[in-house]
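So this block is query24.pdb, PDB, C-alpha atoms:
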```pdb
ATOM      1  CA  MET A 966      11.918 -23.962 -34.604  1.00  0.00           C
ATOM      2  CA  ASN A 967      11.065 -22.414 -31.224  1.00  0.00           C
ATOM      3  CA  SER A 968      13.187 -25.026 -29.453  1.00  0.00           C
ATOM      4  CA  ASP A 969      16.273 -23.597 -31.178  1.00  0.00           C
ATOM      5  CA  LYS A 970      15.616 -20.042 -30.069  1.00  0.00           C
ATOM      6  CA  ILE A 971      17.526 -18.391 -27.252  1.00  0.00           C
ATOM      7  CA  PRO A 972      15.870 -16.012 -24.770  1.00  0.00           C
ATOM      8  CA  PHE A 973      15.644 -12.537 -26.246  1.00  0.00           C
ATOM      9  CA  THR A 974      17.514 -10.572 -23.569  1.00  0.00           C
ATOM     10  CA  ILE A 975      18.035  -6.839 -23.346  1.00  0.00           C
ATOM     11  CA  LYS A 976      21.649  -7.373 -24.456  1.00  0.00           C
ATOM     12  CA  ASN A 977      20.376  -8.417 -27.894  1.00  0.00           C
ATOM     13  CA  TRP A 978      18.598  -5.122 -28.517  1.00  0.00           C
ATOM     14  CA  ALA A 979      19.813  -2.119 -30.422  1.00  0.00           C
ATOM     15  CA  THR A 980      21.367   0.343 -27.979  1.00  0.00           C
ATOM     16  CA  ASP A 981      18.610   2.928 -28.473  1.00  0.00           C
ATOM     17  CA  ASP A 982      15.972   0.329 -27.584  1.00  0.00           C
ATOM     18  CA  ARG A 983      17.501  -0.884 -24.320  1.00  0.00           C
ATOM     19  CA  PRO A 984      15.529   0.349 -21.288  1.00  0.00           C
ATOM     20  CA  ARG A 985      18.613   0.730 -19.110  1.00  0.00           C
ATOM     21  CA  GLU A 986      20.393   2.859 -21.693  1.00  0.00           C
ATOM     22  CA  LYS A 987      17.216   4.800 -22.360  1.00  0.00           C
ATOM     23  CA  LEU A 988      16.928   5.601 -18.665  1.00  0.00           C
ATOM     24  CA  LEU A 989      20.555   6.794 -18.545  1.00  0.00           C
ATOM     25  CA  GLN A 990      20.288   8.893 -21.683  1.00  0.00           C
ATOM     26  CA  LYS A 991      16.753  10.269 -21.441  1.00  0.00           C
ATOM     27  CA  GLY A 992      15.808   9.925 -17.762  1.00  0.00           C
ATOM     28  CA  ARG A 993      13.432   7.661 -15.882  1.00  0.00           C
ATOM     29  CA  LEU A 994      10.318   9.542 -16.968  1.00  0.00           C
ATOM     30  CA  SER A 995      10.986   8.553 -20.591  1.00  0.00           C
ATOM     31  CA  LEU A 996      10.366   4.865 -19.857  1.00  0.00           C
ATOM     32  CA  THR A 997       6.987   3.177 -20.095  1.00  0.00           C
ATOM     33  CA  ASP A 998       5.723   0.955 -17.281  1.00  0.00           C
ATOM     34  CA  ALA A 999       6.564  -2.076 -19.431  1.00  0.00           C
ATOM     35  CA  GLU A1000      10.133  -0.872 -19.957  1.00  0.00           C
ATOM     36  CA  LEU A1001      10.610  -0.335 -16.227  1.00  0.00           C
ATOM     37  CA  ILE A1002       9.373  -3.856 -15.507  1.00  0.00           C
ATOM     38  CA  ALA A1003      11.633  -5.161 -18.272  1.00  0.00           C
ATOM     39  CA  ILE A1004      14.618  -3.733 -16.402  1.00  0.00           C
ATOM     40  CA  LEU A1005      13.505  -5.661 -13.330  1.00  0.00           C
ATOM     41  CA  ILE A1006      13.149  -9.022 -15.080  1.00  0.00           C
ATOM     42  CA  GLY A1007      16.122  -8.616 -17.461  1.00  0.00           C
ATOM     43  CA  SER A1008      14.994 -11.125 -20.058  1.00  0.00           C
ATOM     44  CA  GLY A1009      11.857 -12.518 -21.604  1.00  0.00           C
ATOM     45  CA  ASN A1010      11.263 -16.061 -22.824  1.00  0.00           C
ATOM     46  CA  ARG A1011      11.988 -17.936 -26.054  1.00  0.00           C
ATOM     47  CA  ASP A1012       9.129 -16.203 -27.834  1.00  0.00           C
ATOM     48  CA  GLU A1013       9.004 -12.740 -26.275  1.00  0.00           C
ATOM     49  CA  SER A1014      11.416  -9.984 -25.359  1.00  0.00           C
ATOM     50  CA  ALA A1015      11.480  -8.659 -21.806  1.00  0.00           C
ATOM     51  CA  VAL A1016       9.358  -5.673 -22.846  1.00  0.00           C
ATOM     52  CA  GLU A1017       6.846  -7.847 -24.705  1.00  0.00           C
ATOM     53  CA  LEU A1018       6.530 -10.111 -21.680  1.00  0.00           C
ATOM     54  CA  SER A1019       6.163  -7.083 -19.414  1.00  0.00           C
ATOM     55  CA  LYS A1020       3.409  -5.711 -21.647  1.00  0.00           C
ATOM     56  CA  LYS A1021       1.600  -9.056 -21.371  1.00  0.00           C
ATOM     57  CA  ILE A1022       1.885  -9.012 -17.574  1.00  0.00           C
ATOM     58  CA  LEU A1023       0.521  -5.459 -17.443  1.00  0.00           C
ATOM     59  CA  SER A1024      -2.283  -6.295 -19.867  1.00  0.00           C
ATOM     60  CA  LYS A1025      -3.406  -9.212 -17.699  1.00  0.00           C
ATOM     61  CA  ASN A1026      -3.533  -6.757 -14.787  1.00  0.00           C
ATOM     62  CA  LEU A1027      -5.611  -4.197 -16.723  1.00  0.00           C
ATOM     63  CA  ASN A1028      -2.493  -2.027 -17.210  1.00  0.00           C
ATOM     64  CA  ASN A1029      -2.919  -0.977 -13.596  1.00  0.00           C
ATOM     65  CA  LEU A1030       0.112  -0.956 -11.285  1.00  0.00           C
ATOM     66  CA  ASN A1031      -2.105  -1.049  -8.191  1.00  0.00           C
ATOM     67  CA  ILE A1032      -3.600  -4.326  -9.381  1.00  0.00           C
ATOM     68  CA  LEU A1033      -0.166  -5.668 -10.311  1.00  0.00           C
ATOM     69  CA  GLY A1034       1.045  -4.791  -6.824  1.00  0.00           C
ATOM     70  CA  LYS A1035      -1.477  -7.213  -5.324  1.00  0.00           C
ATOM     71  CA  GLN A1036      -0.221 -10.233  -7.243  1.00  0.00           C
ATOM     72  CA  SER A1037       1.489 -13.092  -5.422  1.00  0.00           C
ATOM     73  CA  VAL A1038       4.679 -14.886  -6.411  1.00  0.00           C
ATOM     74  CA  SER A1039       2.691 -17.879  -7.643  1.00  0.00           C
ATOM     75  CA  GLN A1040       0.386 -15.702  -9.737  1.00  0.00           C
ATOM     76  CA  LEU A1041       3.297 -13.962 -11.441  1.00  0.00           C
ATOM     77  CA  MET A1042       5.042 -17.274 -12.067  1.00  0.00           C
ATOM     78  CA  GLN A1043       2.142 -18.311 -14.275  1.00  0.00           C
ATOM     79  CA  PHE A1044       3.694 -16.161 -17.016  1.00  0.00           C
ATOM     80  CA  LYS A1045       6.183 -18.026 -19.177  1.00  0.00           C
ATOM     81  CA  GLY A1046       9.628 -16.655 -18.429  1.00  0.00           C
ATOM     82  CA  ILE A1047       8.830 -15.466 -14.908  1.00  0.00           C
ATOM     83  CA  GLY A1048      10.494 -17.621 -12.295  1.00  0.00           C
ATOM     84  CA  GLU A1049      10.512 -17.163  -8.561  1.00  0.00           C
ATOM     85  CA  ALA A1050      13.412 -14.681  -8.554  1.00  0.00           C
ATOM     86  CA  LYS A1051      11.820 -12.426 -11.196  1.00  0.00           C
ATOM     87  CA  ALA A1052       8.436 -12.586  -9.451  1.00  0.00           C
ATOM     88  CA  ILE A1053      10.049 -11.558  -6.159  1.00  0.00           C
ATOM     89  CA  SER A1054      11.819  -8.654  -7.902  1.00  0.00           C
ATOM     90  CA  ILE A1055       8.498  -7.361  -9.263  1.00  0.00           C
ATOM     91  CA  ILE A1056       6.768  -7.685  -5.897  1.00  0.00           C
ATOM     92  CA  ALA A1057       9.664  -5.969  -4.099  1.00  0.00           C
ATOM     93  CA  ALA A1058       9.546  -3.040  -6.540  1.00  0.00           C
ATOM     94  CA  MET A1059       5.777  -2.689  -6.111  1.00  0.00           C
ATOM     95  CA  GLU A1060       6.157  -2.706  -2.320  1.00  0.00           C
ATOM     96  CA  LEU A1061       8.883  -0.043  -2.419  1.00  0.00           C
ATOM     97  CA  GLY A1062       6.553   2.140  -4.479  1.00  0.00           C
ATOM     98  CA  ARG A1063       3.755   1.622  -1.952  1.00  0.00           C
ATOM     99  CA  ARG A1064       6.026   2.531   0.960  1.00  0.00           C
ATOM    100  CA  ARG A1065       7.271   5.626  -0.832  1.00  0.00           C
ATOM    101  CA  ARG A1066       3.677   6.813  -1.352  1.00  0.00           C
ATOM    102  CA  SER A1067       3.017   6.214   2.322  1.00  0.00           C
ATOM    103  CA  GLU A1068       6.050   8.209   3.462  1.00  0.00           C
ATOM    104  CA  GLU A1069       5.302  11.065   1.071  1.00  0.00           C
ATOM    105  CA  ALA A1070       1.745  11.229   2.374  1.00  0.00           C
ATOM    106  CA  LEU A1071       2.981  11.502   5.971  1.00  0.00           C
ATOM    107  CA  GLU A1072       5.531  14.287   5.488  1.00  0.00           C
ATOM    108  CA  ASN A1073       4.527  17.456   7.365  1.00  0.00           C
ATOM    109  CA  VAL A1074       0.920  16.316   7.542  1.00  0.00           C
ATOM    110  CA  LYS A1075      -1.496  18.356   9.571  1.00  0.00           C
ATOM    111  CA  VAL A1076      -4.825  16.660  10.009  1.00  0.00           C
ATOM    112  CA  THR A1077      -7.534  19.059   8.885  1.00  0.00           C
ATOM    113  CA  SER A1078     -10.247  16.655   7.776  1.00  0.00           C
ATOM    114  CA  SER A1079     -11.150  13.000   7.417  1.00  0.00           C
ATOM    115  CA  ASN A1080      -9.984  13.192   3.800  1.00  0.00           C
ATOM    116  CA  SER A1081      -6.475  14.249   4.880  1.00  0.00           C
ATOM    117  CA  VAL A1082      -6.374  11.154   7.100  1.00  0.00           C
ATOM    118  CA  PHE A1083      -7.520   8.978   4.209  1.00  0.00           C
ATOM    119  CA  GLU A1084      -4.697  10.316   2.017  1.00  0.00           C
ATOM    120  CA  VAL A1085      -2.190   9.188   4.640  1.00  0.00           C
ATOM    121  CA  LEU A1086      -3.722   5.783   5.279  1.00  0.00           C
ATOM    122  CA  GLN A1087      -4.937   4.668   1.856  1.00  0.00           C
ATOM    123  CA  PRO A1088      -1.441   3.711   0.610  1.00  0.00           C
ATOM    124  CA  ILE A1089      -1.004   1.615   3.771  1.00  0.00           C
ATOM    125  CA  LEU A1090      -4.409  -0.024   4.111  1.00  0.00           C
ATOM    126  CA  GLY A1091      -6.233   0.409   0.828  1.00  0.00           C
ATOM    127  CA  ASP A1092      -5.346  -2.789  -0.994  1.00  0.00           C
ATOM    128  CA  LEU A1093      -4.598  -5.238   1.838  1.00  0.00           C
ATOM    129  CA  ALA A1094      -6.240  -8.666   1.717  1.00  0.00           C
ATOM    130  CA  HIS A1095      -6.335  -8.851   5.539  1.00  0.00           C
ATOM    131  CA  GLU A1096      -7.473  -6.444   8.218  1.00  0.00           C
ATOM    132  CA  GLU A1097      -5.098  -4.155  10.100  1.00  0.00           C
ATOM    133  CA  PHE A1098      -5.753  -1.572  12.813  1.00  0.00           C
ATOM    134  CA  TRP A1099      -3.627   1.584  12.910  1.00  0.00           C
ATOM    135  CA  ILE A1100      -3.411   4.578  15.223  1.00  0.00           C
ATOM    136  CA  LEU A1101      -2.333   8.086  14.264  1.00  0.00           C
ATOM    137  CA  TYR A1102      -0.843   9.951  17.230  1.00  0.00           C
ATOM    138  CA  LEU A1103      -1.209  13.741  17.028  1.00  0.00           C
ATOM    139  CA  ASN A1104       0.311  16.693  18.869  1.00  0.00           C
ATOM    140  CA  ASN A1105      -1.555  19.810  19.984  1.00  0.00           C
ATOM    141  CA  ALA A1106      -1.171  21.324  16.487  1.00  0.00           C
ATOM    142  CA  ASN A1107      -2.956  18.301  14.981  1.00  0.00           C
ATOM    143  CA  LYS A1108       0.251  17.170  13.276  1.00  0.00           C
ATOM    144  CA  ILE A1109       1.007  13.474  13.112  1.00  0.00           C
ATOM    145  CA  ILE A1110       3.748  12.452  15.526  1.00  0.00           C
ATOM    146  CA  GLU A1111       3.676   8.797  14.561  1.00  0.00           C
ATOM    147  CA  GLN A1112       1.583   6.231  12.758  1.00  0.00           C
ATOM    148  CA  PHE A1113       1.500   2.831  14.415  1.00  0.00           C
ATOM    149  CA  GLN A1114       0.084  -0.569  13.535  1.00  0.00           C
ATOM    150  CA  ILE A1115      -1.596  -1.757  16.713  1.00  0.00           C
ATOM    151  CA  SER A1116      -2.768  -5.106  15.359  1.00  0.00           C
ATOM    152  CA  LYS A1117      -3.005  -7.310  12.315  1.00  0.00           C
ATOM    153  CA  GLY A1118      -5.702  -9.882  11.766  1.00  0.00           C
ATOM    154  CA  GLY A1119      -7.489 -11.973   9.206  1.00  0.00           C
ATOM    155  CA  ILE A1120      -9.999 -11.197   6.506  1.00  0.00           C
ATOM    156  CA  THR A1121     -12.840 -10.377   8.906  1.00  0.00           C
ATOM    157  CA  GLY A1122     -11.313  -8.795  11.978  1.00  0.00           C
ATOM    158  CA  THR A1123      -8.472  -7.836  14.275  1.00  0.00           C
ATOM    159  CA  LEU A1124      -8.028  -7.346  18.035  1.00  0.00           C
ATOM    160  CA  VAL A1125      -6.934  -4.059  19.605  1.00  0.00           C
ATOM    161  CA  ASP A1126      -5.211  -3.724  22.999  1.00  0.00           C
ATOM    162  CA  VAL A1127      -6.438  -0.537  24.659  1.00  0.00           C
ATOM    163  CA  ARG A1128      -3.540  -0.477  27.132  1.00  0.00           C
ATOM    164  CA  ILE A1129      -0.873  -0.608  24.410  1.00  0.00           C
ATOM    165  CA  THR A1130      -2.691   2.098  22.448  1.00  0.00           C
ATOM    166  CA  LEU A1131      -2.815   4.533  25.358  1.00  0.00           C
ATOM    167  CA  ARG A1132       0.613   3.695  26.777  1.00  0.00           C
ATOM    168  CA  LYS A1133       2.166   4.645  23.443  1.00  0.00           C
ATOM    169  CA  ALA A1134       0.163   7.872  23.415  1.00  0.00           C
ATOM    170  CA  LEU A1135       1.634   8.801  26.804  1.00  0.00           C
ATOM    171  CA  GLU A1136       5.162   7.867  25.677  1.00  0.00           C
ATOM    172  CA  LEU A1137       4.839  10.108  22.603  1.00  0.00           C
ATOM    173  CA  GLY A1138       3.130  12.955  24.439  1.00  0.00           C
ATOM    174  CA  ALA A1139       0.196  12.750  22.040  1.00  0.00           C
ATOM    175  CA  VAL A1140      -2.882  14.820  22.906  1.00  0.00           C
ATOM    176  CA  SER A1141      -5.226  13.148  20.439  1.00  0.00           C
ATOM    177  CA  LEU A1142      -5.596   9.989  18.387  1.00  0.00           C
ATOM    178  CA  ILE A1143      -7.234   8.897  15.174  1.00  0.00           C
ATOM    179  CA  LEU A1144      -8.231   5.267  14.846  1.00  0.00           C
ATOM    180  CA  ALA A1145      -8.280   3.489  11.514  1.00  0.00           C
ATOM    181  CA  HIS A1146      -8.722   0.037  10.097  1.00  0.00           C
ATOM    182  CA  ASN A1147      -9.489  -1.424   6.704  1.00  0.00           C
ATOM    183  CA  HIS A1148     -12.295  -3.625   5.424  1.00  0.00           C
ATOM    184  CA  PRO A1149     -10.818  -5.987   2.793  1.00  0.00           C
ATOM    185  CA  SER A1150     -14.362  -6.752   1.619  1.00  0.00           C
ATOM    186  CA  GLY A1151     -14.797  -3.161   0.455  1.00  0.00           C
ATOM    187  CA  ASN A1152     -17.832  -2.729   2.702  1.00  0.00           C
ATOM    188  CA  LEU A1153     -17.707   0.687   4.358  1.00  0.00           C
ATOM    189  CA  ASN A1154     -20.426   0.052   6.935  1.00  0.00           C
ATOM    190  CA  PRO A1155     -19.117  -0.117  10.518  1.00  0.00           C
ATOM    191  CA  SER A1156     -19.929  -3.300  12.394  1.00  0.00           C
ATOM    192  CA  ASP A1157     -21.287  -3.405  15.949  1.00  0.00           C
ATOM    193  CA  ALA A1158     -17.796  -4.506  17.033  1.00  0.00           C
ATOM    194  CA  ASP A1159     -16.309  -1.412  15.331  1.00  0.00           C
ATOM    195  CA  LYS A1160     -18.721   0.836  17.225  1.00  0.00           C
ATOM    196  CA  GLN A1161     -18.120  -0.884  20.559  1.00  0.00           C
ATOM    197  CA  LEU A1162     -14.340  -0.685  20.177  1.00  0.00           C
ATOM    198  CA  THR A1163     -14.526   3.009  19.285  1.00  0.00           C
ATOM    199  CA  LEU A1164     -16.575   3.734  22.413  1.00  0.00           C
ATOM    200  CA  LYS A1165     -14.234   1.630  24.585  1.00  0.00           C
ATOM    201  CA  LEU A1166     -11.135   3.465  23.333  1.00  0.00           C
ATOM    202  CA  LYS A1167     -12.813   6.868  23.563  1.00  0.00           C
ATOM    203  CA  THR A1168     -13.883   6.281  27.177  1.00  0.00           C
ATOM    204  CA  ALA A1169     -10.455   5.019  28.213  1.00  0.00           C
ATOM    205  CA  ALA A1170      -8.653   7.885  26.443  1.00  0.00           C
ATOM    206  CA  GLU A1171     -10.865  10.561  27.998  1.00  0.00           C
ATOM    207  CA  SER A1172      -9.843   9.360  31.477  1.00  0.00           C
ATOM    208  CA  MET A1173      -6.272  10.391  30.515  1.00  0.00           C
ATOM    209  CA  ASP A1174      -7.291  13.680  28.879  1.00  0.00           C
ATOM    210  CA  ILE A1175      -6.558  12.264  25.424  1.00  0.00           C
ATOM    211  CA  LYS A1176      -9.088  12.838  22.662  1.00  0.00           C
ATOM    212  CA  ILE A1177     -10.177  10.338  20.030  1.00  0.00           C
ATOM    213  CA  LEU A1178     -10.880  12.608  17.067  1.00  0.00           C
ATOM    214  CA  ASP A1179     -12.106  10.054  14.539  1.00  0.00           C
ATOM    215  CA  HIS A1180     -12.210   6.449  13.459  1.00  0.00           C
ATOM    216  CA  LEU A1181     -11.848   5.715   9.740  1.00  0.00           C
ATOM    217  CA  ILE A1182     -12.771   2.559   7.896  1.00  0.00           C
ATOM    218  CA  VAL A1183     -10.576   2.487   4.804  1.00  0.00           C
ATOM    219  CA  THR A1184     -11.060   0.647   1.512  1.00  0.00           C
ATOM    220  CA  GLU A1185      -9.148   0.925  -1.751  1.00  0.00           C
ATOM    221  CA  LYS A1186     -11.340   3.687  -3.178  1.00  0.00           C
ATOM    222  CA  SER A1187     -13.086   5.344  -0.257  1.00  0.00           C
ATOM    223  CA  TYR A1188     -13.554   5.607   3.501  1.00  0.00           C
ATOM    224  CA  PHE A1189     -16.107   5.940   6.285  1.00  0.00           C
ATOM    225  CA  SER A1190     -15.543   8.546   8.994  1.00  0.00           C
ATOM    226  CA  PHE A1191     -17.193   8.079  12.404  1.00  0.00           C
ATOM    227  CA  ALA A1192     -16.765  11.811  13.092  1.00  0.00           C
ATOM    228  CA  ASP A1193     -18.306  12.897   9.786  1.00  0.00           C
ATOM    229  CA  GLU A1194     -21.278  10.614  10.416  1.00  0.00           C
ATOM    230  CA  GLY A1195     -21.825  11.877  13.977  1.00  0.00           C
ATOM    231  CA  LEU A1196     -20.768   8.625  15.640  1.00  0.00           C
ATOM    232  CA  MET A1197     -18.045  10.086  17.869  1.00  0.00           C
TER
END
```
Exercise: express the given structure as structure tokens:
Amino acid sequence: MNSDKIPFTIKNWATDDRPREKLLQKGRLSLTDAELIAILIGSGNRDESAVELSKKILSKNLNNLNILGKQSVSQLMQFKGIGEAKAISIIAAMELGRRRRSEEALENVKVTSSNSVFEVLQPILGDLAHEEFWILYLNNANKIIEQFQISKGGITGTLVDVRITLRKALELGAVSLILAHNHPSGNLNPSDADKQLTLKLKTAAESMDIKILDHLIVTEKSYFSFADEGLM
């Protein structure tokens, strides 16, 4: 009977089938997504091995790690065998992956187009459920000195302090800025508030000989560029 079963942990597997051993012997690229998640959770439940449970979790998330990365602790705990600790481990791993993508995108970046800005910002803003406003500070070679979150808001908006934005630009010696925020709704159309804020920041920056090069609205799949659309 199922009540007499013990959890089917990785320790019970043949050596060749254990994800940890497989990683050591064959390298990390040899593991499937399910096997990597199995290492994180360590064990399955009374009816499923860790890998089988991981496959189920991936299947419910369309076998898409980006979708899995958006899941909450409570959503992951709906799977039998996933408690709070295992759910937190999965979420932490997904967040580390997101941060790594963000750092890789920023390394030695020279802004040459709106698309190059999107590549930097999409890992940061693309899949957030709330709105955030970020500034990219650039030197005179159009290389990013720093990326900075200026504000964080709710689903429909966020406030931006012009003084903080420009004070940081002066501290960094930035000669130009790129504004960016996300629309959690997926709607790429700029609002009247977006346009007014862009004009306010541009006017204030020009008084200090600092240029606002662009303002991007970022979603998971695409972006809207004020500069490309002639709104700067």
Got a sec: who's within 7 Å of segment 1024-1034 of chain A, counting only C-alpha atoms, leaving out chain neighbours fewer than 3 positions off, as a compact mmCIF listing (two decimals) with C-alpha atoms, in the coordinates of the input?
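As written to disk, around-v1.txt reads:
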```txt
# COMPACT_ATOMS: atom_id res chain seq x y z
CA LYS A 1020 3.41 -5.71 -21.65
CA LYS A 1021 1.60 -9.06 -21.37
CA ILE A 1056 6.77 -7.68 -5.90
CA MET A 1059 5.78 -2.69 -6.11
```
Once the PyMOL selection byres ((chain A and resi 1009) around 8) has been evaluated on this model, what residues remain selected, and can you format them as a VMD selection string? chain A and resid 972 to 974 1006 to 1008 1010 to 1018 1046 to 1047
Step by step, gather every atom of segment 1140-1148 of chain A that the file lists, find the box along x, y and z that holds them, add 3 Å on each side, and finally give centre and edge lengths in Å to one decimal, as lines of an AutoDock Vina configuration file.
```
center_x = -7.6
center_y = 5.6
center_z = 14.2
size_x = 15.4
size_y = 24.4
size_z = 23.5
```
Pairwise distance for atom CA of Asn1104 of chain A and atom CA of Pro1155 of chain A, rounded to one decimal in Å: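 Distance reported for this atom pair: 27.0 Å.
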Write out as a ChimeraX atom specification which residues come within 10 Å of Glu1111 of chain A when counting all atoms listed in the file, dropping same-chain ones fewer than 6 positions away. /A:1071,1100-1104,1133-1134,1137,1139
Got time to write the residues from that selection, C-alpha atoms, as a PDB file, in the frame of the given file?
```pdb
ATOM      1  CA  LEU A1071       2.981  11.502   5.971  1.00  0.00           C
ATOM      2  CA  ILE A1100      -3.411   4.578  15.223  1.00  0.00           C
ATOM      3  CA  LEU A1101      -2.333   8.086  14.264  1.00  0.00           C
ATOM      4  CA  TYR A1102      -0.843   9.951  17.230  1.00  0.00           C
ATOM      5  CA  LEU A1103      -1.209  13.741  17.028  1.00  0.00           C
ATOM      6  CA  ASN A1104       0.311  16.693  18.869  1.00  0.00           C
ATOM      7  CA  LYS A1133       2.166   4.645  23.443  1.00  0.00           C
ATOM      8  CA  ALA A1134       0.163   7.872  23.415  1.00  0.00           C
ATOM      9  CA  LEU A1137       4.839  10.108  22.603  1.00  0.00           C
ATOM     10  CA  ALA A1139       0.196  12.750  22.040  1.00  0.00           C
TER      11      ALA A1139
END
```
Using all atoms listed in the file, which of A:His1180, A:Ile1022, A:Lys1167, A:Arg1066 sits nearest Trp1099 of chain A?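 Smallest distance to Trp1099 of chain A is found for A:His1180.
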Please identify all polymer residues within 12 Å of segment 1169-1172 of chain A, counting only C-alpha atoms, omitting same-chain residues fewer than 6 positions from it, and present them as a ChimeraX atom specification. /A:1126-1135,1139-1144,1162-1163,1178
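Candidate residues A:Asn1147, A:Leu1023, A:Ala999, A:Phe1189 were compared for distance to His1095 of chain A, and the nearest is A:Asn1147, using all atoms listed in the file.
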List the spatial neighbours of Ser1037 of chain A as a PyMOL selection string - criterion: any atom at most 12 Å away, all atoms listed in the file, same-chain residues fewer than 5 positions off excluded. chain A and resi 1032+1042-1043+1049+1051-1057+1059-1060+1094
Just-selected residues, C-alpha atoms written as a CSV table (one decimal), in the frame of the given file:
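Listing of result.csv after writing:
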```csv
chain,number,residue,atom,x,y,z
A,1032,ILE,CA,-3.6,-4.3,-9.4
A,1042,MET,CA,5.0,-17.3,-12.1
A,1043,GLN,CA,2.1,-18.3,-14.3
A,1049,GLU,CA,10.5,-17.2,-8.6
A,1051,LYS,CA,11.8,-12.4,-11.2
A,1052,ALA,CA,8.4,-12.6,-9.5
A,1053,ILE,CA,10.0,-11.6,-6.2
A,1054,SER,CA,11.8,-8.7,-7.9
A,1055,ILE,CA,8.5,-7.4,-9.3
A,1056,ILE,CA,6.8,-7.7,-5.9
A,1057,ALA,CA,9.7,-6.0,-4.1
A,1059,MET,CA,5.8,-2.7,-6.1
A,1060,GLU,CA,6.2,-2.7,-2.3
A,1094,ALA,CA,-6.2,-8.7,1.7
```
Could you tell me which residues the PyMOL selection byres ((chain A and resi 1087) around 10) grabs in this file, written as a PyMOL selection string? chain A and resi 1063+1066-1067+1070+1082-1086+1088-1093+1147+1183-1188
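Coordinates place atom CA of Phe1098 of chain A at a distance of 14.6 Å from atom CA of Ser1190 of chain A.
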Between atom CA of Ile1182 of chain A and atom CA of Gly1151 of chain A - distance in Å to one decimal: 9.6 Å
